[in-house]
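Q: I have a structure here, written as structure tokens, and I will follow up with some questions on it.
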Protein chains: 6
Amino acid sequence: MRFIKRLLGILPLQYASAHCDVPCGIYDPKPAQIAALTVLKMVQKVNALEKNGDDKEAKLNYKNSLMRMIWTKEEHARKCKDEILILWTDYFKTEHLEKFPNLHDIFWKTAKLCSQNKQAINEQLAQELVDNVNQIADIFNQSQSSK
Amino acid sequence: MRFIKRLLGILPLQYASAHCDVPCGIYDPKPAQIAALTVLKMVQKVNALEKNGDDKEAKLNYKNSLMRMIWTKEEHARKCKDEILILWTDYFKTEHLEKFPNLHDIFWKTAKLCSQNKQAINEQLAQELVDNVNQIADIFNQSQSSK
Amino acid sequence: MRFIKRLLGILPLQYASAHCDVPCGIYDPKPAQIAALTVLKMVQKVNALEKNGDDKEAKLNYKNSLMRMIWTKEEHARKCKDEILILWTDYFKTEHLEKFPNLHDIFWKTAKLCSQNKQAINEQLAQELVDNVNQIADIFNQSQSSK
Amino acid sequence: MRFIKRLLGILPLQYASAHCDVPCGIYDPKPAQIAALTVLKMVQKVNALEKNGDDKEAKLNYKNSLMRMIWTKEEHARKCKDEILILWTDYFKTEHLEKFPNLHDIFWKTAKLCSQNKQAINEQLAQELVDNVNQIADIFNQSQSSK
Amino acid sequence: MRFIKRLLGILPLQYASAHCDVPCGIYDPKPAQIAALTVLKMVQKVNALEKNGDDKEAKLNYKNSLMRMIWTKEEHARKCKDEILILWTDYFKTEHLEKFPNLHDIFWKTAKLCSQNKQAINEQLAQELVDNVNQIADIFNQSQSSK
Amino acid sequence: MRFIKRLLGILPLQYASAHCDVPCGIYDPKPAQIAALTVLKMVQKVNALEKNGDDKEAKLNYKNSLMRMIWTKEEHARKCKDEILILWTDYFKTEHLEKFPNLHDIFWKTAKLCSQNKQAINEQLAQELVDNVNQIADIFNQSQSSK
């Protein structure tokens, strides 16, 4: 319940600060992290996918699953990009640039990793995306605690 | 970093279970909680909103802000409803009904609270929504730990 | 013209009742039924799809059609789920639970059938979805006539 | 149950004809009619809307309702336009032009009525939209029975 | 810079006329032309796509690319249709019908070409779409200069 | 016709280069410029909006127009942000950073201007957005001609 305490405890305090911005709601890196992990999971599931036999039904169900996994990868790569760009464009302010001089660069590279993960089925690229988004979450958390 | 450890530690384990379902990605009550808190925050901001003067510009900026807060409330009430219904329809299975006999009821009432918060500007209704979604998060967390 | 009479005749009466709810508009099970029938039709079309020859163009056009049928199945399964959940969360009220004690259960099972039909190409599952949505339409119609 | 019989009876037959087109699903004028009636209903509700008192809460709830009714009008006018344009661009074929020489004109005027109903709160304009969409439904039904 | 001059020079003038219609913004055939060219490009890319080897990774990456190209074709065919229908339903007025008597027909045929390009991978059909949208752009430009 | 020549002439050449990226289609700053100009136009229209009389109908139509102009401003500010971020994340590559050392900065400031224009009705802010997007279009055009 520690997490819900945080939600009901810290967040309302954060509201009093600049952290709630209409219409972005409440800033949080977690949706981007969930999306990045979903991209990684989809790559793993595509690589592990097997046909259940050689009949037509098995082939069609294989294609149905493959298509949906690739589409889920696409959607979550897009969502991941959208979520981190909300942080970059709305949450981070000029004062953060001194403390995090590579801020633009890490966001730029991570956004490009989202596109690269759309264009390929590559577990290493997906892991890099997860790692980069976690770096962004670290920066976000540091920017919070430094208040 | 305990949270990121959890993401990289527990979640991949969860993946091996039934918790990753294409196309729903990874189940997590937090997006619904963020959305519910945003609804509450918007009601508080609408109630606190003041005109900065009586000139035309102040009146138009007041209306611009009011409209955007009400629309953000609407959008996050909708998102909250979507997110909890993903848990109800895709995550929870028949076996959960024994452990949580009021499962259908709590989800139904919470979904109705989303609609009620669209239809009104009422801090008590918004607080009820936050409380109900936190109840759902408790049930979700119990269902996880009981594995 | 009996149907249009109904639209212009009965519906405005229904408006005076609780049947028009902003922003859900007018409750009607037909969009869910159309979506369920489209899911069934797509499964039938996928199963009936043949390549027109063995050249590259025929293969690519086969893949183009297969992809679009599977995506249409996905979209209409999603739409079907959205439409029935509007009825469950906004139209049906506590007083309906006495008359239809299995209300939650039928909606839950039907929503799960929407997800199952996304995850498979299976005509029997699609037919079950059509039948369940028609059951929901029966319940809806009974709830109307009982006024 | 006559309606469900029709769904299960006639529609599958229609499927065998050109009436099911991936990805448009099954052609039906009813969604456009529901949307047009919702536009009319929203205009009526806006005109009937009253403040429940003069305190701040009453004023804010009045604005919340007004905004949502106007937005629902906007959305359903858009949906109405989308739905009739699906019929015009995908369902109706060259052979229909002989039988319905004013086909382009009625669709064009009705689409313009959708935009006009976005731009105004005017019950007469909304009634014209309902009437035009019903004319389109008549043409659609004639084109079906003439098979 | 001639183009930006035009944007800052002519367009604001056009604003004073009926060319800016809330919520359609500013009328311009270019988005439809970009979408049509993208459909053509996607067909060309699908036809040129090759597997990079015969291993599983190469096959999956081939399928990933094919799926995304076909989906991009679908999306831009849809966007192209939406964009030209905005011009047909909102920009063109009755007075244009005298000067462009085949107005309805060219828009109808072009909209149908959008659907046909969804349903096939056919470079000739895609080129016809580009040509038709350019015809629409010519008509649009003539309707502007004739002011 | 010079513009269509450009479309059919230069663009296909550009296709052969890295400028067409699935699923982003063809890079072009114009949609962002149209969106920025629409934001400016909406601010001008809001400031110029007058009630046509003091009766209830005039007041409701004033509110209907105001709401739709503010919503169009919101939507086009969002679209403008999306469009420039496509250029920043997908079109511009590391090699551009040497030639345009302030690339990150101009995109960041412009994205923030999109959000600021959502939050206010301020013609100067809207003009700054138009100017910044035109600067981005200049950089884009320089990056093209330098090939």
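Residues are referred to by chain and number: the chain letter is A, B, ... according to the order shown in the structure tokens, the number counts from 1 in that chain, and ligands are numbered separately from 1 in the order shown.
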With 12 Å as the limit and counting only C-alpha atoms, what residues in chain F lie close to chain A? Please list them as an mmCIF file with N, CA and C atoms, in the first residue's frame.
A:
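Saved result, part-v9.cif, follows:
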data_model
loop_
_atom_site.group_PDB
_atom_site.id
_atom_site.type_symbol
_atom_site.label_atom_id
_atom_site.label_comp_id
_atom_site.auth_asym_id
_atom_site.auth_seq_id
_atom_site.Cartn_x
_atom_site.Cartn_y
_atom_site.Cartn_z
ATOM 1 N N ASP F 21 10.138 7.236 -44.931
ATOM 2 C CA ASP F 21 10.380 6.297 -43.853
ATOM 3 C C ASP F 21 9.038 5.712 -43.437
ATOM 4 N N VAL F 22 8.891 4.412 -43.613
ATOM 5 C CA VAL F 22 7.661 3.781 -43.133
ATOM 6 C C VAL F 22 7.681 3.825 -41.606
ATOM 7 N N PRO F 23 6.590 4.264 -40.889
ATOM 8 C CA PRO F 23 5.313 4.661 -41.447
ATOM 9 C C PRO F 23 5.117 6.167 -41.553
ATOM 10 N N CYS F 24 6.180 6.961 -41.569
ATOM 11 C CA CYS F 24 5.970 8.406 -41.492
ATOM 12 C C CYS F 24 5.624 9.008 -42.836
ATOM 13 N N GLU F 74 -6.848 24.171 -29.868
ATOM 14 C CA GLU F 74 -6.237 23.062 -29.118
ATOM 15 C C GLU F 74 -5.765 21.960 -30.064
ATOM 16 N N GLU F 75 -6.664 21.554 -30.962
ATOM 17 C CA GLU F 75 -6.353 20.448 -31.861
ATOM 18 C C GLU F 75 -5.191 20.776 -32.789
ATOM 19 N N ARG F 78 -1.904 20.835 -30.955
ATOM 20 C CA ARG F 78 -1.469 19.447 -30.767
ATOM 21 C C ARG F 78 -0.900 18.897 -32.078
ATOM 22 N N LYS F 81 2.467 20.307 -32.878
ATOM 23 C CA LYS F 81 3.488 19.657 -32.048
ATOM 24 C C LYS F 81 3.818 18.272 -32.603
ATOM 25 N N ASP F 82 2.805 17.498 -32.920
ATOM 26 C CA ASP F 82 3.043 16.159 -33.479
ATOM 27 C C ASP F 82 3.868 16.239 -34.754
ATOM 28 N N ILE F 84 5.929 18.636 -35.928
ATOM 29 C CA ILE F 84 7.349 19.032 -35.825
ATOM 30 C C ILE F 84 8.146 17.930 -35.130
ATOM 31 N N LEU F 85 7.500 17.198 -34.214
ATOM 32 C CA LEU F 85 8.238 16.146 -33.513
ATOM 33 C C LEU F 85 8.537 14.968 -34.439
ATOM 34 N N ILE F 86 7.701 14.772 -35.468
ATOM 35 C CA ILE F 86 8.035 13.766 -36.486
ATOM 36 C C ILE F 86 9.322 14.171 -37.205
ATOM 37 N N LEU F 87 9.421 15.457 -37.533
ATOM 38 C CA LEU F 87 10.642 15.922 -38.198
ATOM 39 C C LEU F 87 11.849 15.761 -37.269
ATOM 40 N N TRP F 88 11.688 16.146 -36.002
ATOM 41 C CA TRP F 88 12.815 16.108 -35.058
ATOM 42 C C TRP F 88 13.259 14.673 -34.774
ATOM 43 N N THR F 89 12.283 13.772 -34.579
ATOM 44 C CA THR F 89 12.663 12.421 -34.150
ATOM 45 C C THR F 89 12.989 11.498 -35.321
ATOM 46 N N ASP F 90 12.387 11.725 -36.490
ATOM 47 C CA ASP F 90 12.557 10.767 -37.586
ATOM 48 C C ASP F 90 13.357 11.312 -38.761
ATOM 49 N N TYR F 91 13.149 12.598 -39.087
ATOM 50 C CA TYR F 91 13.824 13.130 -40.288
ATOM 51 C C TYR F 91 15.268 13.546 -39.998
ATOM 52 N N PHE F 92 15.454 14.347 -38.957
ATOM 53 C CA PHE F 92 16.792 14.890 -38.699
ATOM 54 C C PHE F 92 17.691 13.827 -38.095
ATOM 55 N N LYS F 93 18.915 13.742 -38.648
ATOM 56 C CA LYS F 93 19.870 12.727 -38.228
ATOM 57 C C LYS F 93 21.085 13.401 -37.595
ATOM 58 N N THR F 94 21.938 12.591 -37.005
ATOM 59 C CA THR F 94 23.109 13.130 -36.298
ATOM 60 C C THR F 94 23.895 14.103 -37.174
ATOM 61 N N LEU F 97 23.217 17.789 -36.975
ATOM 62 C CA LEU F 97 23.514 18.560 -35.757
ATOM 63 C C LEU F 97 24.701 19.496 -35.957
ATOM 64 N N ASN F 102 21.764 24.426 -33.156
ATOM 65 C CA ASN F 102 20.658 24.746 -32.232
ATOM 66 C C ASN F 102 19.404 23.937 -32.558
ATOM 67 N N LEU F 103 19.592 22.835 -33.291
ATOM 68 C CA LEU F 103 18.439 22.046 -33.746
ATOM 69 C C LEU F 103 17.551 21.627 -32.570
ATOM 70 N N HIS F 104 18.148 20.990 -31.551
ATOM 71 C CA HIS F 104 17.347 20.532 -30.418
ATOM 72 C C HIS F 104 16.605 21.704 -29.785
ATOM 73 N N ASP F 105 17.319 22.809 -29.639
ATOM 74 C CA ASP F 105 16.762 23.943 -28.923
ATOM 75 C C ASP F 105 15.549 24.548 -29.636
ATOM 76 N N ILE F 106 15.668 24.731 -30.958
ATOM 77 C CA ILE F 106 14.555 25.338 -31.685
ATOM 78 C C ILE F 106 13.329 24.419 -31.640
ATOM 79 N N PHE F 107 13.546 23.100 -31.750
ATOM 80 C CA PHE F 107 12.397 22.186 -31.699
ATOM 81 C C PHE F 107 11.774 22.173 -30.303
ATOM 82 N N TRP F 108 12.632 22.209 -29.281
ATOM 83 C CA TRP F 108 12.123 22.182 -27.901
ATOM 84 C C TRP F 108 11.273 23.416 -27.629
ATOM 85 N N LYS F 109 11.816 24.596 -27.994
ATOM 86 C CA LYS F 109 11.086 25.851 -27.754
ATOM 87 C C LYS F 109 9.776 25.882 -28.539
ATOM 88 N N THR F 110 9.821 25.360 -29.767
ATOM 89 C CA THR F 110 8.610 25.382 -30.597
ATOM 90 C C THR F 110 7.552 24.433 -30.029
ATOM 91 N N ALA F 111 7.993 23.276 -29.550
ATOM 92 C CA ALA F 111 7.045 22.345 -28.931
ATOM 93 C C ALA F 111 6.418 22.990 -27.690
ATOM 94 N N LYS F 112 7.239 23.717 -26.918
ATOM 95 C CA LYS F 112 6.695 24.382 -25.735
ATOM 96 C C LYS F 112 5.718 25.494 -26.136
ATOM 97 N N LEU F 113 5.997 26.144 -27.276
ATOM 98 C CA LEU F 113 5.064 27.170 -27.758
ATOM 99 C C LEU F 113 3.713 26.553 -28.120
ATOM 100 N N CYS F 114 3.737 25.323 -28.606
ATOM 101 C CA CYS F 114 2.454 24.653 -28.893
ATOM 102 C C CYS F 114 1.648 24.527 -27.605
ATOM 103 N N SER F 115 2.295 24.074 -26.542
ATOM 104 C CA SER F 115 1.583 23.923 -25.271
ATOM 105 C C SER F 115 1.134 25.281 -24.728
ATOM 106 N N GLN F 116 2.002 26.291 -24.850
ATOM 107 C CA GLN F 116 1.630 27.624 -24.343
ATOM 108 C C GLN F 116 0.422 28.173 -25.097
ATOM 109 N N LYS F 118 -1.960 26.363 -26.286
ATOM 110 C CA LYS F 118 -3.143 25.677 -25.774
ATOM 111 C C LYS F 118 -3.643 26.388 -24.521
ATOM 112 N N GLN F 119 -2.687 26.840 -23.713
ATOM 113 C CA GLN F 119 -3.031 27.347 -22.378
ATOM 114 C C GLN F 119 -3.476 28.804 -22.371
ATOM 115 N N ALA F 120 -3.369 29.474 -23.502
ATOM 116 C CA ALA F 120 -3.735 30.893 -23.525
ATOM 117 C C ALA F 120 -4.424 31.255 -24.838
#
Q: May I have the residues within 9 Å of stretch 47-61 of chain F as a VMD selection string, using only C-alpha atoms and disregarding those fewer than 6 positions away in the same chain?
A: (chain B and resid 56 to 57 60) or (chain D and resid 46 to 47 119 to 122) or (chain F and resid 121 123)
Q: For the atom pair atom CA of F:Asp28 and atom CA of F:His76, what is the interatomic distance in Å to one decimal place?
A: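 Between these atoms lies a distance of 16.4 Å.
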Q: Can you work out the spacing between atom CA of E:Ile34 and atom CA of E:Lys63 in Å, to one decimal?
A: 25.5 Å
Q: Can you pull out the residues contacting B:Gln44? Cut-off 12 Å, using only C-alpha atoms, and skip same-chain residues under 4 positions away; I want them as number ranges by chain.
A: A: 12, 15-16, 20; B: 37-40, 48-49, 66, 69-70, 73, 121-127
Q: Keeping only N, CA, C and O atoms, take the residues you just selected and write them out as a PDB file, in the first residue's frame.
A:
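Contents of selection.pdb, freshly written:
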ATOM      1  N   PRO A  12      -0.602  14.765  -4.408  1.00  0.00           N
ATOM      2  CA  PRO A  12      -1.336  16.004  -4.178  1.00  0.00           C
ATOM      3  C   PRO A  12      -0.413  17.171  -3.858  1.00  0.00           C
ATOM      4  O   PRO A  12      -0.616  18.277  -4.324  1.00  0.00           O
ATOM      5  N   TYR A  15       0.890  18.372  -6.945  1.00  0.00           N
ATOM      6  CA  TYR A  15      -0.117  19.165  -7.669  1.00  0.00           C
ATOM      7  C   TYR A  15       0.055  20.637  -7.398  1.00  0.00           C
ATOM      8  O   TYR A  15      -0.113  21.478  -8.258  1.00  0.00           O
ATOM      9  N   ALA A  16       0.383  20.939  -6.131  1.00  0.00           N
ATOM     10  CA  ALA A  16       0.512  22.351  -5.768  1.00  0.00           C
ATOM     11  C   ALA A  16       1.674  22.988  -6.516  1.00  0.00           C
ATOM     12  O   ALA A  16       1.749  24.196  -6.646  1.00  0.00           O
ATOM     13  N   CYS A  20       1.322  19.525 -12.298  1.00  0.00           N
ATOM     14  CA  CYS A  20       0.075  19.216 -12.982  1.00  0.00           C
ATOM     15  C   CYS A  20      -0.190  20.304 -14.003  1.00  0.00           C
ATOM     16  O   CYS A  20      -0.336  21.467 -13.659  1.00  0.00           O
TER      17      CYS A  20
ATOM     18  N   LEU B  37      -6.987  10.284 -10.317  1.00  0.00           N
ATOM     19  CA  LEU B  37      -6.428  11.431  -9.602  1.00  0.00           C
ATOM     20  C   LEU B  37      -6.475  12.690 -10.463  1.00  0.00           C
ATOM     21  O   LEU B  37      -6.632  13.801  -9.952  1.00  0.00           O
ATOM     22  N   THR B  38      -6.356  12.514 -11.780  1.00  0.00           N
ATOM     23  CA  THR B  38      -6.427  13.672 -12.669  1.00  0.00           C
ATOM     24  C   THR B  38      -7.845  14.234 -12.688  1.00  0.00           C
ATOM     25  O   THR B  38      -8.042  15.455 -12.699  1.00  0.00           O
ATOM     26  N   VAL B  39      -8.843  13.340 -12.668  1.00  0.00           N
ATOM     27  CA  VAL B  39     -10.234  13.809 -12.593  1.00  0.00           C
ATOM     28  C   VAL B  39     -10.422  14.646 -11.322  1.00  0.00           C
ATOM     29  O   VAL B  39     -10.944  15.770 -11.373  1.00  0.00           O
ATOM     30  N   LEU B  40      -9.948  14.114 -10.199  1.00  0.00           N
ATOM     31  CA  LEU B  40     -10.071  14.848  -8.934  1.00  0.00           C
ATOM     32  C   LEU B  40      -9.359  16.195  -9.013  1.00  0.00           C
ATOM     33  O   LEU B  40      -9.915  17.238  -8.647  1.00  0.00           O
ATOM     34  N   ALA B  48     -11.183  26.170  -8.147  1.00  0.00           N
ATOM     35  CA  ALA B  48     -10.252  27.219  -7.696  1.00  0.00           C
ATOM     36  C   ALA B  48     -10.009  28.288  -8.760  1.00  0.00           C
ATOM     37  O   ALA B  48      -9.379  29.311  -8.483  1.00  0.00           O
ATOM     38  N   LEU B  49     -10.520  28.048  -9.960  1.00  0.00           N
ATOM     39  CA  LEU B  49     -10.194  28.954 -11.080  1.00  0.00           C
ATOM     40  C   LEU B  49     -10.824  30.340 -10.869  1.00  0.00           C
ATOM     41  O   LEU B  49     -11.993  30.451 -10.512  1.00  0.00           O
ATOM     42  N   LEU B  66     -11.142  27.064 -18.328  1.00  0.00           N
ATOM     43  CA  LEU B  66     -12.271  26.266 -17.842  1.00  0.00           C
ATOM     44  C   LEU B  66     -12.595  25.142 -18.812  1.00  0.00           C
ATOM     45  O   LEU B  66     -12.748  23.974 -18.431  1.00  0.00           O
ATOM     46  N   MET B  69      -9.948  22.415 -18.681  1.00  0.00           N
ATOM     47  CA  MET B  69     -10.000  21.601 -17.462  1.00  0.00           C
ATOM     48  C   MET B  69     -11.178  20.629 -17.536  1.00  0.00           C
ATOM     49  O   MET B  69     -11.055  19.465 -17.181  1.00  0.00           O
ATOM     50  N   ILE B  70     -12.326  21.127 -17.994  1.00  0.00           N
ATOM     51  CA  ILE B  70     -13.504  20.258 -18.104  1.00  0.00           C
ATOM     52  C   ILE B  70     -13.231  19.167 -19.134  1.00  0.00           C
ATOM     53  O   ILE B  70     -13.577  18.004 -18.934  1.00  0.00           O
ATOM     54  N   LYS B  73     -10.938  16.641 -17.592  1.00  0.00           N
ATOM     55  CA  LYS B  73     -11.746  15.785 -16.702  1.00  0.00           C
ATOM     56  C   LYS B  73     -12.481  14.721 -17.515  1.00  0.00           C
ATOM     57  O   LYS B  73     -12.447  13.533 -17.175  1.00  0.00           O
ATOM     58  N   ILE B 121     -19.413  18.441 -11.822  1.00  0.00           N
ATOM     59  CA  ILE B 121     -18.187  18.974 -11.223  1.00  0.00           C
ATOM     60  C   ILE B 121     -18.413  18.891  -9.731  1.00  0.00           C
ATOM     61  O   ILE B 121     -19.082  19.750  -9.136  1.00  0.00           O
ATOM     62  N   ASN B 122     -17.931  17.804  -9.119  1.00  0.00           N
ATOM     63  CA  ASN B 122     -18.297  17.500  -7.745  1.00  0.00           C
ATOM     64  C   ASN B 122     -17.121  16.776  -7.082  1.00  0.00           C
ATOM     65  O   ASN B 122     -16.847  15.618  -7.402  1.00  0.00           O
ATOM     66  N   GLU B 123     -16.452  17.472  -6.165  1.00  0.00           N
ATOM     67  CA  GLU B 123     -15.219  16.915  -5.593  1.00  0.00           C
ATOM     68  C   GLU B 123     -15.467  15.609  -4.848  1.00  0.00           C
ATOM     69  O   GLU B 123     -14.635  14.708  -4.881  1.00  0.00           O
ATOM     70  N   GLN B 124     -16.646  15.489  -4.209  1.00  0.00           N
ATOM     71  CA  GLN B 124     -16.918  14.252  -3.468  1.00  0.00           C
ATOM     72  C   GLN B 124     -17.018  13.060  -4.434  1.00  0.00           C
ATOM     73  O   GLN B 124     -16.443  12.000  -4.196  1.00  0.00           O
ATOM     74  N   LEU B 125     -17.718  13.258  -5.552  1.00  0.00           N
ATOM     75  CA  LEU B 125     -17.816  12.188  -6.557  1.00  0.00           C
ATOM     76  C   LEU B 125     -16.437  11.818  -7.102  1.00  0.00           C
ATOM     77  O   LEU B 125     -16.154  10.645  -7.345  1.00  0.00           O
ATOM     78  N   ALA B 126     -15.573  12.819  -7.263  1.00  0.00           N
ATOM     79  CA  ALA B 126     -14.236  12.551  -7.794  1.00  0.00           C
ATOM     80  C   ALA B 126     -13.400  11.787  -6.764  1.00  0.00           C
ATOM     81  O   ALA B 126     -12.654  10.870  -7.109  1.00  0.00           O
ATOM     82  N   GLN B 127     -13.570  12.144  -5.482  1.00  0.00           N
ATOM     83  CA  GLN B 127     -12.847  11.433  -4.423  1.00  0.00           C
ATOM     84  C   GLN B 127     -13.327   9.988  -4.333  1.00  0.00           C
ATOM     85  O   GLN B 127     -12.528   9.064  -4.165  1.00  0.00           O
TER      86      GLN B 127
END
Q: Determine which residues of stretch 22-105 of chain F receive a DSSP assignment of helix (DSSP H, G or I), computed from the backbone, and state them as a PyMOL selection string.
A: chain F and resi 30-48+56-91+94-99+103-105
Q: Calculate how many Å separate atom CA of A:Lys99 from atom CA of A:Gln135, rounding to one decimal.
A: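 Those two atoms sit 14.5 Å apart.
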Q: List the spatial neighbours of F:Ala137 as a ChimeraX atom specification - criterion: any atom at most 9 Å away, only C-alpha atoms, same-chain residues fewer than 4 positions off excluded.
A: /E:4 /F:28-30,32-33,132-133,141-142
Q: Emit the selected residues as a short mmCIF file (atom, residue, chain, number, x, y, z; two decimals), in the first residue's frame, including all heavy atoms.
A:
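The resulting out00.cif:
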data_model
loop_
_atom_site.label_atom_id
_atom_site.label_comp_id
_atom_site.auth_asym_id
_atom_site.auth_seq_id
_atom_site.Cartn_x
_atom_site.Cartn_y
_atom_site.Cartn_z
N ILE E 4 6.88 30.42 -48.09
CA ILE E 4 6.52 30.98 -46.77
C ILE E 4 5.91 32.35 -46.94
O ILE E 4 4.93 32.70 -46.29
CB ILE E 4 7.76 31.01 -45.85
CG1 ILE E 4 8.11 29.57 -45.45
CG2 ILE E 4 7.51 31.86 -44.61
CD1 ILE E 4 9.46 29.42 -44.85
N ASP F 28 7.64 16.67 -44.69
CA ASP F 28 7.27 17.96 -45.24
C ASP F 28 6.88 18.87 -44.08
O ASP F 28 6.09 18.47 -43.23
CB ASP F 28 6.07 17.78 -46.18
CG ASP F 28 5.85 19.00 -47.06
OD1 ASP F 28 5.85 20.13 -46.51
OD2 ASP F 28 5.67 18.84 -48.27
N PRO F 29 7.45 20.07 -44.01
CA PRO F 29 7.09 20.96 -42.90
C PRO F 29 5.72 21.63 -43.09
O PRO F 29 5.22 22.25 -42.15
CB PRO F 29 8.21 22.00 -42.90
CG PRO F 29 8.69 22.04 -44.30
CD PRO F 29 8.49 20.67 -44.89
N LYS F 30 5.10 21.48 -44.27
CA LYS F 30 3.90 22.26 -44.51
C LYS F 30 2.74 21.94 -43.56
O LYS F 30 2.09 22.86 -43.06
CB LYS F 30 3.43 22.15 -45.96
CG LYS F 30 2.30 23.13 -46.24
CD LYS F 30 1.99 23.29 -47.70
CE LYS F 30 0.84 24.30 -47.88
NZ LYS F 30 0.45 24.46 -49.28
N ALA F 32 2.82 21.22 -40.51
CA ALA F 32 3.06 21.94 -39.26
C ALA F 32 2.80 23.44 -39.45
O ALA F 32 2.26 24.10 -38.55
CB ALA F 32 4.50 21.73 -38.79
N GLN F 33 3.15 23.95 -40.62
CA GLN F 33 2.91 25.39 -40.88
C GLN F 33 1.42 25.70 -40.98
O GLN F 33 0.95 26.70 -40.45
CB GLN F 33 3.64 25.81 -42.16
CG GLN F 33 5.16 25.81 -42.00
CD GLN F 33 5.85 26.10 -43.31
OE1 GLN F 33 5.74 25.33 -44.26
NE2 GLN F 33 6.57 27.22 -43.37
N ASN F 132 8.33 30.42 -35.40
CA ASN F 132 9.23 29.30 -35.08
C ASN F 132 9.07 28.16 -36.05
O ASN F 132 10.05 27.54 -36.48
CB ASN F 132 8.96 28.78 -33.65
CG ASN F 132 9.74 29.54 -32.61
OD1 ASN F 132 9.88 30.77 -32.72
ND2 ASN F 132 10.26 28.83 -31.61
N VAL F 133 7.82 27.85 -36.40
CA VAL F 133 7.61 26.75 -37.34
C VAL F 133 8.18 27.11 -38.70
O VAL F 133 8.76 26.26 -39.39
CB VAL F 133 6.11 26.38 -37.43
CG1 VAL F 133 5.87 25.31 -38.49
CG2 VAL F 133 5.61 25.87 -36.08
N ASN F 141 14.35 23.05 -45.32
CA ASN F 141 14.65 23.32 -46.73
C ASN F 141 16.15 23.41 -46.98
O ASN F 141 16.65 22.90 -47.99
CB ASN F 141 13.94 24.60 -47.17
CG ASN F 141 12.43 24.43 -47.17
OD1 ASN F 141 11.92 23.31 -47.35
ND2 ASN F 141 11.70 25.51 -46.92
N GLN F 142 16.89 24.01 -46.04
CA GLN F 142 18.36 24.05 -46.18
C GLN F 142 18.92 22.63 -46.18
O GLN F 142 19.82 22.31 -46.96
CB GLN F 142 18.99 24.84 -45.04
CG GLN F 142 18.74 26.34 -45.07
CD GLN F 142 19.26 27.00 -43.82
OE1 GLN F 142 20.38 26.75 -43.39
NE2 GLN F 142 18.42 27.83 -43.20
#
Q: Give me, as JSON, numbers by chain, the residues of chain C that a backbone DSSP run labels strand (DSSP E).
A: {"C": [20, 21, 25, 26]}
